[in-house]
$ cat data-v1.cif   # mmCIF, C-alpha atoms
data_protein
#
loop_
_atom_site.label_atom_id
_atom_site.label_comp_id
_atom_site.auth_asym_id
_atom_site.auth_seq_id
_atom_site.Cartn_x
_atom_site.Cartn_y
_atom_site.Cartn_z
CA MET X 250 25.78 -22.14 24.21
CA PRO X 251 23.54 -22.50 21.13
CA LEU X 252 19.93 -23.53 21.70
CA HIS X 253 18.08 -26.12 19.66
CA ARG X 254 15.50 -24.47 17.41
CA GLU X 255 12.81 -25.70 15.07
CA PRO X 256 12.39 -23.49 11.97
CA LEU X 257 9.05 -21.73 11.75
CA VAL X 258 7.23 -19.91 8.98
CA ILE X 259 4.21 -17.61 9.10
CA VAL X 260 1.49 -17.02 6.52
CA CYS X 261 0.13 -13.48 6.50
CA THR X 262 -2.49 -11.14 5.14
CA CYS X 263 -2.53 -7.34 5.03
CA GLU X 264 -6.07 -6.32 5.88
CA MET X 265 -8.18 -3.24 6.59
CA ALA X 266 -5.86 -1.66 9.14
CA GLY X 267 -2.91 -2.03 6.77
CA ARG X 268 -1.11 -4.22 9.29
CA VAL X 269 0.39 -7.58 8.36
CA ARG X 270 -1.04 -10.36 10.52
CA GLY X 271 -0.95 -14.12 10.32
CA LYS X 272 -0.35 -17.49 11.92
CA GLY X 273 2.86 -19.48 12.11
CA PHE X 274 3.65 -23.20 11.96
CA PRO X 275 6.70 -25.50 11.72
CA VAL X 276 8.41 -25.39 8.32
CA ARG X 277 8.17 -29.19 8.15
CA GLU X 278 4.39 -28.82 7.80
CA LEU X 279 4.65 -26.48 4.79
CA PRO X 280 3.67 -29.02 2.09
CA SER X 281 0.33 -29.72 3.77
CA ARG X 282 -0.25 -26.08 4.79
CA LEU X 283 0.12 -24.96 1.18
CA LYS X 284 -3.03 -26.98 0.51
CA ARG X 285 -5.10 -26.60 3.66
CA GLY X 286 -3.78 -23.34 5.10
CA VAL X 287 -4.20 -22.33 8.73
CA GLY X 288 -7.33 -21.50 10.68
CA TRP X 289 -8.61 -17.91 10.59
CA VAL X 290 -11.79 -16.15 11.72
CA PRO X 291 -13.82 -13.33 10.12
CA THR X 292 -13.49 -10.92 13.05
CA ASN X 293 -9.69 -10.95 12.71
CA THR X 294 -10.13 -8.52 9.82
CA MET X 295 -11.70 -6.03 12.25
CA ILE X 296 -8.63 -5.80 14.50
CA SER X 297 -7.82 -2.10 14.64
CA ALA X 298 -4.48 -0.42 14.03
CA PHE X 299 -4.27 0.06 17.80
CA SER X 300 -5.09 -3.60 18.70
CA PRO X 301 -8.66 -3.56 20.09
CA ILE X 302 -11.58 -4.78 18.01
CA TYR X 303 -13.78 -1.74 18.47
CA ALA X 304 -16.68 -3.09 16.40
CA THR X 305 -17.42 -6.12 14.24
CA PRO X 306 -20.34 -7.30 12.12
CA PHE X 307 -19.12 -10.90 12.43
CA GLY X 308 -19.20 -11.36 16.18
CA THR X 309 -17.59 -14.54 17.48
CA THR X 310 -18.93 -16.77 14.72
CA GLY X 311 -17.45 -18.24 11.57
CA ASP X 312 -14.33 -20.06 10.45
CA LEU X 313 -12.00 -19.37 7.54
CA ILE X 314 -8.61 -20.54 6.29
CA LEU X 315 -5.58 -18.41 5.45
CA VAL X 316 -3.81 -20.19 2.59
CA PRO X 317 -0.19 -19.42 1.61
CA ASP X 318 0.46 -18.41 -1.98
CA ARG X 319 3.41 -20.62 -2.92
CA GLU X 320 4.60 -17.89 -5.34
CA VAL X 321 4.90 -15.25 -2.61
CA GLU X 322 7.41 -16.72 -0.19
CA VAL X 323 9.94 -14.46 1.54
CA ASN X 324 12.91 -16.25 3.08
CA VAL X 325 15.70 -13.78 3.76
CA ASP X 326 18.78 -14.68 5.78
CA PHE X 327 20.36 -11.41 6.94
CA GLY X 328 23.60 -13.17 7.82
CA ASP X 329 23.23 -12.58 11.57
CA ASP X 330 22.25 -14.84 14.47
CA VAL X 331 18.57 -13.95 14.21
CA ALA X 332 16.22 -16.39 12.47
CA PRO X 333 15.62 -15.58 8.80
CA GLU X 334 12.71 -13.37 7.82
CA HIS X 335 10.48 -16.18 6.57
CA PHE X 336 6.86 -15.60 5.65
CA PHE X 337 4.25 -16.17 2.97
CA LEU X 338 1.50 -13.86 1.82
CA GLY X 339 -1.77 -15.58 1.22
CA ASP X 340 -5.50 -15.54 0.59
CA ILE X 341 -8.37 -15.74 3.05
CA ARG X 342 -10.78 -18.45 1.93
CA ASN X 343 -13.94 -20.13 3.07
CA LEU X 344 -13.66 -23.68 4.37
CA ASP X 345 -14.60 -25.06 0.94
CA GLY X 346 -11.64 -23.21 -0.61
CA SER X 347 -13.65 -20.46 -2.30
CA PRO X 348 -12.51 -16.83 -1.82
CA TRP X 349 -13.87 -15.11 1.29
CA GLU X 350 -15.86 -12.01 0.37
CA CYS X 351 -13.61 -9.75 2.50
CA CYS X 352 -10.23 -11.09 1.34
CA PRO X 353 -8.00 -8.10 0.41
CA ARG X 354 -6.06 -9.95 -2.29
CA GLU X 355 -9.29 -11.18 -3.86
CA PHE X 356 -10.61 -7.60 -3.90
CA LEU X 357 -7.61 -6.55 -6.00
CA ARG X 358 -7.72 -9.72 -8.10
CA ARG X 359 -11.34 -9.00 -9.06
CA ALA X 360 -10.51 -5.38 -9.93
CA LEU X 361 -7.67 -6.43 -12.22
CA ALA X 362 -9.92 -8.95 -13.95
CA ALA X 363 -12.53 -6.23 -14.46
CA LEU X 364 -9.89 -3.95 -16.01
CA GLU X 365 -8.80 -6.64 -18.43
CA SER X 366 -12.41 -7.36 -19.35
CA ALA X 367 -13.28 -3.68 -19.84
CA ALA X 368 -10.21 -2.58 -21.81
CA GLY X 369 -8.14 -5.64 -22.69
CA VAL X 370 -5.18 -4.34 -20.67
CA THR X 371 -3.20 -5.40 -17.63
CA LEU X 372 -1.74 -3.13 -14.99
CA LEU X 373 1.95 -2.56 -14.28
CA ALA X 374 2.53 -0.78 -10.96
CA SER X 375 4.99 0.13 -8.22
CA PHE X 376 4.58 1.74 -4.81
CA GLU X 377 7.01 4.55 -3.88
CA HIS X 378 7.41 4.59 -0.08
CA GLU X 379 8.57 7.34 2.31
CA PHE X 380 9.37 6.51 5.93
CA VAL X 381 11.33 7.70 8.95
CA TYR X 382 14.39 5.73 10.05
CA THR X 383 15.05 6.29 13.76
CA GLY X 384 18.67 5.14 13.45
CA ALA X 385 19.67 8.37 11.67
CA GLU X 386 20.56 11.39 13.76
CA GLU X 387 18.34 14.41 13.06
CA MET X 388 20.33 17.47 11.99
CA PRO X 389 19.44 20.80 10.32
CA GLY X 390 19.95 21.16 6.58
CA SER X 391 19.48 17.46 5.88
CA PRO X 392 16.89 17.24 3.06
CA TYR X 393 18.34 15.22 0.17
CA SER X 394 21.82 15.73 1.59
CA LEU X 395 24.88 13.56 1.36
CA ASP X 396 25.16 14.00 5.12
CA ALA X 397 21.72 12.46 5.68
CA TRP X 398 22.67 9.66 3.29
CA ARG X 399 25.81 9.01 5.32
CA ARG X 400 24.07 9.08 8.70
CA GLN X 401 21.76 6.16 7.89
CA GLY X 402 24.87 3.97 8.07
CA VAL X 403 24.44 0.50 6.58
CA PHE X 404 20.63 0.50 6.79
CA GLY X 405 20.08 1.25 3.08
CA GLU X 406 22.58 -1.34 1.87
CA VAL X 407 21.25 -4.06 4.15
CA MET X 408 17.63 -3.30 3.26
CA LEU X 409 18.23 -3.29 -0.50
CA ALA X 410 20.18 -6.55 -0.28
CA ALA X 411 17.30 -8.09 1.66
CA LEU X 412 14.74 -6.78 -0.84
CA ARG X 413 16.66 -8.40 -3.67
CA LEU X 414 16.84 -11.69 -1.76
CA ALA X 415 13.07 -11.42 -1.29
CA GLY X 416 12.60 -11.28 -5.06
CA LEU X 417 12.12 -7.53 -5.52
CA GLU X 418 14.23 -5.36 -7.84
CA PRO X 419 15.42 -2.24 -5.95
CA ASP X 420 15.37 0.97 -7.97
CA SER X 421 16.39 3.81 -5.64
CA PHE X 422 17.09 4.76 -2.03
CA LEU X 423 17.54 8.36 -0.92
CA PRO X 424 17.32 10.82 1.95
CA GLU X 425 14.04 12.70 1.65
CA TYR X 426 12.83 16.16 2.70
CA GLY X 427 11.73 15.40 6.27
CA ALA X 428 13.78 14.80 9.39
CA ARG X 429 15.31 11.29 9.28
CA GLN X 430 13.06 10.59 6.31
CA TYR X 431 14.08 8.26 3.49
CA GLU X 432 12.47 6.97 0.32
CA VAL X 433 12.78 3.59 -1.34
CA THR X 434 11.43 2.42 -4.68
CA VAL X 435 11.42 -0.89 -6.51
CA ASN X 436 10.87 -1.68 -10.17
CA PRO X 437 7.28 -2.09 -11.33
CA THR X 438 5.65 -5.47 -11.71
CA SER X 439 2.28 -6.69 -12.86
CA GLY X 440 -1.01 -6.50 -11.02
CA LEU X 441 -1.30 -8.46 -7.81
CA ARG X 442 2.47 -8.80 -7.46
CA ALA X 443 2.85 -5.01 -7.24
CA ALA X 444 0.77 -4.98 -4.06
CA ASP X 445 2.57 -8.08 -2.74
CA HIS X 446 5.85 -6.25 -3.25
CA ALA X 447 4.59 -3.19 -1.37
CA VAL X 448 3.74 -5.37 1.63
CA ILE X 449 7.10 -7.14 1.44
CA LEU X 450 9.01 -3.85 1.14
CA ARG X 451 7.45 -2.42 4.31
CA GLU X 452 8.16 -5.58 6.31
CA ILE X 453 11.73 -5.91 5.04
CA ALA X 454 12.38 -2.26 5.97
CA ARG X 455 11.01 -2.92 9.46
CA ALA X 456 13.00 -6.14 9.79
CA THR X 457 16.21 -4.40 8.71
CA ALA X 458 15.70 -1.55 11.15
CA ALA X 459 14.90 -3.96 14.00
CA ARG X 460 18.12 -5.91 13.41
CA LEU X 461 20.02 -2.63 13.71
CA GLY X 462 18.21 -1.71 16.93
CA HIS X 463 15.92 0.94 15.41
CA ARG X 464 12.57 1.40 13.67
CA ALA X 465 11.34 2.18 10.18
CA ILE X 466 8.16 4.21 10.75
CA PHE X 467 5.65 4.37 7.90
CA ALA X 468 3.00 6.41 9.76
CA PRO X 469 1.44 9.07 7.49
CA ILE X 470 2.84 11.91 9.58
CA LEU X 471 4.74 12.04 12.89
CA ASP X 472 4.33 15.73 13.70
CA PRO X 473 1.20 17.69 12.65
CA ALA X 474 3.47 20.62 11.76
CA GLY X 475 6.04 18.41 10.05
CA VAL X 476 6.54 16.49 6.82
CA GLY X 477 4.34 13.56 5.91
CA ASN X 478 5.18 10.07 4.63
CA GLY X 479 3.38 9.39 1.39
CA VAL X 480 3.01 6.25 -0.70
CA HIS X 481 2.78 7.17 -4.37
CA ILE X 482 1.34 4.53 -6.69
CA HIS X 483 2.86 4.56 -10.18
CA PHE X 484 0.99 2.66 -12.88
CA SER X 485 0.77 2.02 -16.60
CA PHE X 486 -1.00 -0.37 -18.98
CA GLN X 487 0.19 -3.32 -21.03
CA ASP X 488 -1.68 -5.05 -23.82
CA ILE X 489 -2.17 -8.78 -24.22
CA ALA X 490 1.33 -9.07 -25.73
CA LYS X 491 2.83 -7.36 -22.64
CA LEU X 492 3.62 -4.23 -24.66
CA PRO X 493 3.05 -0.74 -23.19
CA CYS X 494 -0.22 0.78 -24.40
CA MET X 495 -0.97 3.77 -22.16
CA TYR X 496 0.94 6.41 -24.13
CA ASP X 497 -0.26 8.48 -27.08
CA ALA X 498 2.01 11.44 -27.81
CA ALA X 499 -0.74 13.28 -29.71
CA ALA X 500 -3.44 12.86 -27.03
CA PRO X 501 -4.20 15.12 -24.05
CA PHE X 502 -1.61 14.52 -21.34
CA GLY X 503 -0.15 11.78 -23.53
CA LEU X 504 -2.93 9.40 -22.43
CA ALA X 505 -4.34 6.89 -24.88
CA PRO X 506 -8.19 6.76 -25.01
CA ALA X 507 -8.71 3.96 -22.47
CA ALA X 508 -6.17 5.58 -20.16
CA GLN X 509 -8.02 8.90 -20.36
CA GLN X 510 -11.23 7.19 -19.29
CA PHE X 511 -9.43 5.30 -16.52
CA VAL X 512 -7.86 8.47 -15.09
CA ALA X 513 -11.19 10.30 -15.43
CA GLY X 514 -12.79 7.59 -13.30
CA VAL X 515 -10.08 7.89 -10.67
CA LEU X 516 -10.54 11.67 -10.52
CA HIS X 517 -14.32 11.33 -10.37
CA HIS X 518 -14.14 8.96 -7.41
CA LEU X 519 -11.21 10.58 -5.57
CA PRO X 520 -13.18 11.76 -2.50
CA ALA X 521 -14.33 8.18 -1.91
CA LEU X 522 -10.94 6.69 -2.80
CA CYS X 523 -9.29 8.74 -0.06
CA ALA X 524 -11.18 6.68 2.53
CA ILE X 525 -9.26 3.63 1.28
CA THR X 526 -5.90 5.05 0.15
CA ALA X 527 -5.50 7.61 2.96
CA PRO X 528 -7.40 5.71 5.65
CA SER X 529 -6.16 7.14 8.95
CA ALA X 530 -7.19 10.16 10.99
CA VAL X 531 -3.72 11.66 10.57
CA SER X 532 -3.60 11.07 6.80
CA TYR X 533 -5.47 14.35 6.48
CA PHE X 534 -2.88 16.32 8.46
CA ARG X 535 -0.48 15.46 5.63
CA MET X 536 -2.84 16.50 2.84
CA ARG X 537 -2.96 20.20 3.69
CA PRO X 538 -1.86 23.18 1.60
CA ASN X 539 1.86 23.80 1.14
CA ARG X 540 2.83 20.24 2.16
CA TRP X 541 3.76 18.94 -1.32
CA ALA X 542 0.74 16.70 -0.97
CA PRO X 543 -2.53 16.81 -2.92
CA THR X 544 -5.47 18.85 -1.66
CA HIS X 545 -7.74 18.78 -4.74
CA ALA X 546 -8.85 16.14 -7.24
CA THR X 547 -6.60 17.47 -9.98
CA LEU X 548 -4.69 16.02 -12.91
CA ALA X 549 -1.47 17.74 -13.93
CA GLN X 550 1.69 17.11 -15.88
CA GLN X 551 4.86 16.89 -13.78
CA ASP X 552 3.23 18.63 -10.79
CA ARG X 553 3.72 17.04 -7.37
CA GLY X 554 0.83 19.02 -5.93
CA ALA X 555 -1.65 17.15 -8.11
CA SER X 556 -3.60 14.10 -6.98
CA VAL X 557 -2.86 12.39 -10.28
CA ARG X 558 0.43 13.31 -11.92
CA ILE X 559 1.63 12.55 -15.42
CA CYS X 560 5.26 11.61 -14.85
CA PRO X 561 8.05 12.85 -17.15
CA VAL X 562 9.29 10.71 -20.00
CA LEU X 563 13.06 10.62 -19.76
CA SER X 564 13.62 8.88 -23.06
CA THR X 565 12.34 9.48 -26.58
CA GLY X 566 11.28 7.54 -29.63
CA ALA X 567 10.40 3.88 -29.22
CA ASP X 568 11.16 3.92 -25.47
CA ALA X 569 8.71 6.74 -24.64
CA ALA X 570 5.76 4.38 -24.30
CA LYS X 571 7.76 2.11 -22.00
CA GLU X 572 8.82 4.97 -19.72
CA PHE X 573 5.40 6.65 -19.58
CA ASN X 574 3.47 6.23 -16.33
CA VAL X 575 0.92 7.96 -14.13
CA GLU X 576 1.26 8.58 -10.39
CA TYR X 577 -1.56 8.46 -7.84
CA ARG X 578 -0.49 10.59 -4.86
CA PRO X 579 -3.19 10.77 -2.12
CA ALA X 580 -2.08 7.53 -0.45
CA ASP X 581 -0.02 6.42 2.53
CA ALA X 582 1.10 3.29 4.34
CA ALA X 583 -1.87 3.14 6.69
CA ALA X 584 -3.59 1.56 3.70
CA SER X 585 -3.43 -2.08 2.71
CA PRO X 586 -1.71 -2.07 -0.70
CA TYR X 587 -4.32 -4.54 -1.96
CA LEU X 588 -7.20 -2.25 -1.04
CA ALA X 589 -5.45 0.93 -2.20
CA LEU X 590 -4.51 -0.43 -5.62
CA GLY X 591 -7.78 -2.34 -5.97
CA ALA X 592 -9.93 0.70 -5.21
CA MET X 593 -7.97 2.84 -7.66
CA VAL X 594 -8.40 0.19 -10.37
CA TRP X 595 -12.12 -0.19 -9.66
CA ALA X 596 -12.57 3.59 -9.99
CA GLY X 597 -10.66 3.55 -13.27
CA VAL X 598 -12.75 0.66 -14.59
CA ASP X 599 -15.87 2.66 -13.77
CA GLY X 600 -14.44 5.47 -15.90
CA ILE X 601 -13.85 3.09 -18.82
CA ARG X 602 -17.26 1.44 -18.59
CA ASN X 603 -19.03 4.82 -18.53
CA GLY X 604 -16.81 6.56 -21.09
CA MET X 605 -15.84 9.31 -18.67
CA LYS X 606 -13.93 12.30 -20.00
CA LEU X 607 -11.04 14.09 -18.35
CA PRO X 608 -12.28 17.13 -16.41
CA GLU X 609 -11.16 20.63 -17.27
CA GLY X 610 -9.73 23.04 -14.71
CA ASP X 611 -9.19 22.55 -11.02
CA GLY X 612 -10.96 19.66 -9.39
CA PRO X 613 -12.98 19.73 -6.16
CA PRO X 614 -11.18 19.71 -2.80
CA LEU X 615 -10.31 16.36 -1.28
CA PRO X 616 -11.92 15.41 2.04
CA ALA X 617 -10.42 17.25 5.00
CA SER X 618 -10.89 14.38 7.45
CA LEU X 619 -11.29 10.62 7.63
CA ASP X 620 -14.94 11.05 8.58
CA ALA X 621 -15.60 13.14 5.46
CA ALA X 622 -13.83 10.57 3.26
CA LEU X 623 -15.85 7.73 4.76
CA ASP X 624 -19.05 9.66 4.14
CA ALA X 625 -18.00 10.06 0.49
CA LEU X 626 -17.31 6.32 0.22
CA ALA X 627 -20.65 5.43 1.80
CA ALA X 628 -22.41 7.77 -0.66
CA THR X 629 -20.77 6.15 -3.73
CA PRO X 630 -23.16 3.60 -5.24
CA ALA X 631 -20.41 1.98 -7.31
CA ALA X 632 -18.44 1.14 -4.16
CA LYS X 633 -20.97 -1.52 -3.23
CA ASP X 634 -20.22 -3.26 -6.52
CA TRP X 635 -16.47 -2.98 -5.95
CA PHE X 636 -16.48 -4.38 -2.43
CA GLY X 637 -19.75 -6.22 -2.10
CA GLU X 638 -22.19 -5.15 0.60
CA VAL X 639 -20.67 -7.18 3.44
CA PHE X 640 -17.09 -6.01 2.82
CA LEU X 641 -18.08 -2.36 2.32
CA ASN X 642 -20.14 -2.25 5.51
CA ALA X 643 -17.35 -3.95 7.46
CA TYR X 644 -14.78 -1.49 6.11
CA LEU X 645 -16.91 1.54 6.99
CA MET X 646 -17.57 0.15 10.47
CA HIS X 647 -13.85 -0.55 11.01
CA LYS X 648 -12.67 2.89 9.93
CA ARG X 649 -15.41 4.84 11.67
CA ALA X 650 -14.49 3.08 14.91
CA GLU X 651 -10.84 4.00 14.30
CA ALA X 652 -11.83 7.65 13.83
CA ARG X 653 -13.79 7.58 17.11
CA ALA X 654 -10.73 6.18 18.90
CA MET X 655 -9.05 9.53 18.14
CA ASP X 656 -11.80 11.61 19.73
CA GLY X 657 -10.47 13.81 22.52
CA LEU X 658 -6.83 13.62 21.38
CA ASP X 659 -5.09 16.66 19.98
CA GLU X 660 -3.27 16.38 16.67
CA ALA X 661 0.13 15.70 18.23
CA ALA X 662 -1.29 12.89 20.37
CA GLN X 663 -3.00 11.37 17.34
CA CYS X 664 0.27 11.40 15.41
CA ALA X 665 1.99 9.70 18.34
CA ARG X 666 -0.62 6.93 18.40
CA TYR X 667 -0.16 6.17 14.72
CA ALA X 668 3.62 6.37 14.95
CA GLU X 669 3.52 3.60 17.56
CA THR X 670 1.72 1.19 15.25
CA TYR X 671 3.00 2.02 11.75
#

$ encode --input "data-v1.cif" --output "C-alpha cells"
Amino acid sequence: MPLHREPLVIVCTCEMAGRVRGKGFPVRELPSRLKRGVGWVPTNTMISAFSPIYATPFGTTGDLILVPDREVEVNVDFGDDVAPEHFFLGDIRNLDGSPWECCPREFLRRALAALESAAGVTLLASFEHEFVYTGAEEMPGSPYSLDAWRRQGVFGEVMLAALRLAGLEPDSFLPEYGARQYEVTVNPTSGLRAADHAVILREIARATAARLGHRAIFAPILDPAGVGNGVHIHFSFQDIAKLPCMYDAAAPFGLAPAAQQFVAGVLHHLPALCAITAPSAVSYFRMRPNRWAPTHATLAQQDRGASVRICPVLSTGADAAKEFNVEYRPADAAASPYLALGAMVWAGVDGIRNGMKLPEGDGPPLPASLDAALDALAATPAAKDWFGEVFLNAYLMHKRAEARAMDGLDEAAQCARYAETY
C-alpha cells in the first residue's frame, strides 16, 4: 500500500573533508529558501571524513546560512520507486548575505576572478574520475577488457543517463586498470561549473550504485599494494570572446606565454598543492613509484607519470587550439573539487603575477605523506593570500587532526577506513 510522502530537497556544500553535506527542507519552501537559505554553523566545516570533529577553531559559536544556487539544481528521477535524487549546491554565507571566509565555492570564485584579472582569461575544466564499483565481479585479466565492461551490467548506462538528466554532458565510461575499477569523464565547462559538475558526478555515481544495491567507492586507494583511484583535472584557457587561447604551436610544450607562467606557478607550488588536491593519509600510498601516478613535480608531454601533462592534440589546423589542454594529475576524490581547482588556479595566478618560467629537467619529489604536504602548505607565504588566515589555519588544523586519526593503523587498515567513507 503506497504511503503518503511530502517531497523534500536538500542544499549541500562540499567542504574540507571532500564530503557533501547539507540540510533538507520541504520542496514547497524552495522559493523562500532560495533567498534566505538554511541555518549552518562554522564548526560544520570541521567535520572529519570519519565523522568526529577532532579539532575546531570555531568552537560552538557562530551562525551562518547555506544558500542554494538556483543554477545548480539536480533533480533526477531514476524511474524506480525511490524518491528522485534532488539537491542543490550552494554557498555558505554570513547572516548579512556576504560570503563566509571559509566557503569552498567562494574560494574558487575568488581564484577565477584573480586569473581573469591577471591574464584576461577564463578557465575551462573537467575532472576525470576513477572509482571502484562493487557490483562488478573481480576476475583476473580484466584491465580495459570487454569482459569487465560487460560485468558492470547496467550501472554505466543508468549513471550516464542520470548525469545527462542532471545537466552534465557525458564523454566516456570505461573499465580501468584496477580490480572492479571504472573511469567516467564529462565534457569540460567553465570555471565554477566544472567543480560543481565534479561534485554532482560523484553523487550521481553513488546514487546509481546504491539503487543497484552496491557502492561506487572513490577512496584514493583500497589496497596499499593495489591500484589507486585518481582524479585528473584537465584545463585550458579561453579569452573574453570564449575562444581558446592556451595553445601556441611554436612555443615550448605548445603553451602560450600566459599558460607557460600559469603552469610554472603550479609546478613551483606543487608540494603545497598536494595538501589540498591529495588531502588524505592514503593519497600518498597511491603516489609511489611504478603506480602510473606522479612522484615528482614534473611537466611532460603525453607522459602519465608527470604531475602536469600536456595532452595530445587529436586534430590539426584550426581545431588544434580547441583540443589542446593540460592535465593536473596529483589529485584524488578525497579533495573538495572547489578547493582542488581553486588551489591549482591560485598557484597558476602566482606564476603569472611573478612571471615564472617553466623549469628545466626533473622537478623535486612530491611529499611522501600528508604531514609533509601540510608542512609545505604551512610554509608557503602565498597560501595565506589564497585562503585568508582563518581559512588556512582551519584547513591545516582539520587535516592534521585527520592525519593523527591514522596513527597506530597499518596501511591496510588506513585504506579500509577511507574506503568506508569515500

$ resolve_selection --input "data-v1.cif" --expression "the PyMOL selection byres ((chain X and resi 307) around 9)" --output "PyMOL selection string"
chain X and resi 291-292+295+305-306+308-311+643

$ residues_around --input "data-v1.cif" --residues "Ala456 of chain X" --least-positions-apart "2" --cutoff "10 Å" --atoms "all atoms listed in the file" --output "list of chain:residue names"
X:Phe327, X:Pro333, X:Glu334, X:Met408, X:Ala411, X:Leu450, X:Arg451, X:Glu452, X:Ile453, X:Ala454, X:Ala458, X:Ala459, X:Arg460, X:Leu461, X:Gly462, X:His463, X:Arg464, X:Ala465

$ residues_around --input "data-v1.cif" --residues "Thr262 of chain X" --least-positions-apart "4" --cutoff "10 Å" --atoms "only C-alpha atoms" --output "JSON, numbers by chain"
{"X": [267, 268, 269, 270, 271, 272, 294, 315, 316, 317, 337, 338, 339, 340, 341, 352, 353, 354, 445, 448, 585, 587]}

$ closest_residue --input "data-v1.cif" --among "X:Gly427, X:Gly390, X:Pro528, X:Gly369" --to "Asn478 of chain X" --atoms "all atoms listed in the file"
X:Gly427

$ atom_distance --input "data-v1.cif" --atom1 "atom CA of Ala385 of chain X" --atom2 "atom CA of Asp552 of chain X"
29.7 Å

$ closest_residue --input "data-v1.cif" --among "X:Tyr303, X:Tyr496, X:Phe484, X:Trp595" --to "Val557 of chain X" --atoms "all atoms listed in the file"
X:Phe484

$ atom_distance --input "data-v1.cif" --atom1 "atom CA of Ala654 of chain X" --atom2 "atom CA of Leu357 of chain X"
28.1 Å

$ residues_around --input "data-v1.cif" --residues "Ala363 of chain X" --least-positions-apart "6" --cutoff "12 Å" --atoms "only C-alpha atoms" --output "ChimeraX atom specification"
/X:356-357,369-372,591-592,594-602,634-635

$ resolve_selection --input "data-v1.cif" --expression "the PyMOL selection byres ((chain X and resi 537-545) around 7)" --output "CSV table (one decimal) with C-alpha atoms, in the coordinates of the input"
chain,number,residue,atom,x,y,z
X,533,TYR,CA,-5.5,14.4,6.5
X,534,PHE,CA,-2.9,16.3,8.5
X,535,ARG,CA,-0.5,15.5,5.6
X,536,MET,CA,-2.8,16.5,2.8
X,546,ALA,CA,-8.8,16.1,-7.2
X,547,THR,CA,-6.6,17.5,-10.0
X,553,ARG,CA,3.7,17.0,-7.4
X,554,GLY,CA,0.8,19.0,-5.9
X,555,ALA,CA,-1.6,17.2,-8.1
X,556,SER,CA,-3.6,14.1,-7.0
X,578,ARG,CA,-0.5,10.6,-4.9
X,579,PRO,CA,-3.2,10.8,-2.1
X,612,GLY,CA,-11.0,19.7,-9.4
X,613,PRO,CA,-13.0,19.7,-6.2
X,614,PRO,CA,-11.2,19.7,-2.8
X,615,LEU,CA,-10.3,16.4,-1.3

$ decode --input "data-v1.cif" --residues "segment 649-661 of chain X" --atoms "N, CA and C atoms" --output "CSV table (one decimal), in the first residue's frame"
chain,number,residue,atom,x,y,z
X,649,ARG,N,45.5,18.1,9.8
X,649,ARG,CA,46.5,17.5,10.8
X,649,ARG,C,45.8,16.6,11.7
X,650,ALA,N,44.6,16.9,12.1
X,650,ALA,CA,43.8,16.1,13.0
X,650,ALA,C,43.4,14.8,12.3
X,651,GLU,N,43.1,14.9,11.0
X,651,GLU,CA,42.8,13.7,10.2
X,651,GLU,C,44.0,12.7,10.1
X,652,ALA,N,45.2,13.3,9.9
X,652,ALA,CA,46.4,12.5,9.9
X,652,ALA,C,46.7,11.8,11.2
X,653,ARG,N,46.4,12.5,12.3
X,653,ARG,CA,46.6,11.9,13.7
X,653,ARG,C,45.6,10.8,13.9
X,654,ALA,N,44.4,10.8,13.3
X,654,ALA,CA,43.4,9.8,13.4
X,654,ALA,C,43.9,8.5,12.8
X,655,MET,N,44.9,8.5,12.0
X,655,MET,CA,45.5,7.3,11.4
X,655,MET,C,46.7,6.7,12.2
X,656,ASP,N,47.1,7.5,13.2
X,656,ASP,CA,48.3,7.0,13.9
X,656,ASP,C,47.9,5.6,14.6
X,657,GLY,N,48.9,4.7,14.5
X,657,GLY,CA,48.7,3.4,15.0
X,657,GLY,C,48.1,2.4,14.1
X,658,LEU,N,47.5,2.8,13.0
X,658,LEU,CA,46.9,1.9,12.0
X,658,LEU,C,47.9,1.5,10.9
X,659,ASP,N,48.0,0.3,10.5
X,659,ASP,CA,48.9,-0.1,9.4
X,659,ASP,C,48.2,0.4,8.1
X,660,GLU,N,49.0,0.3,7.0
X,660,GLU,CA,48.5,0.9,5.7
X,660,GLU,C,47.2,0.2,5.3
X,661,ALA,N,47.0,-1.1,5.5
X,661,ALA,CA,45.8,-1.7,5.0
X,661,ALA,C,44.6,-1.2,5.8
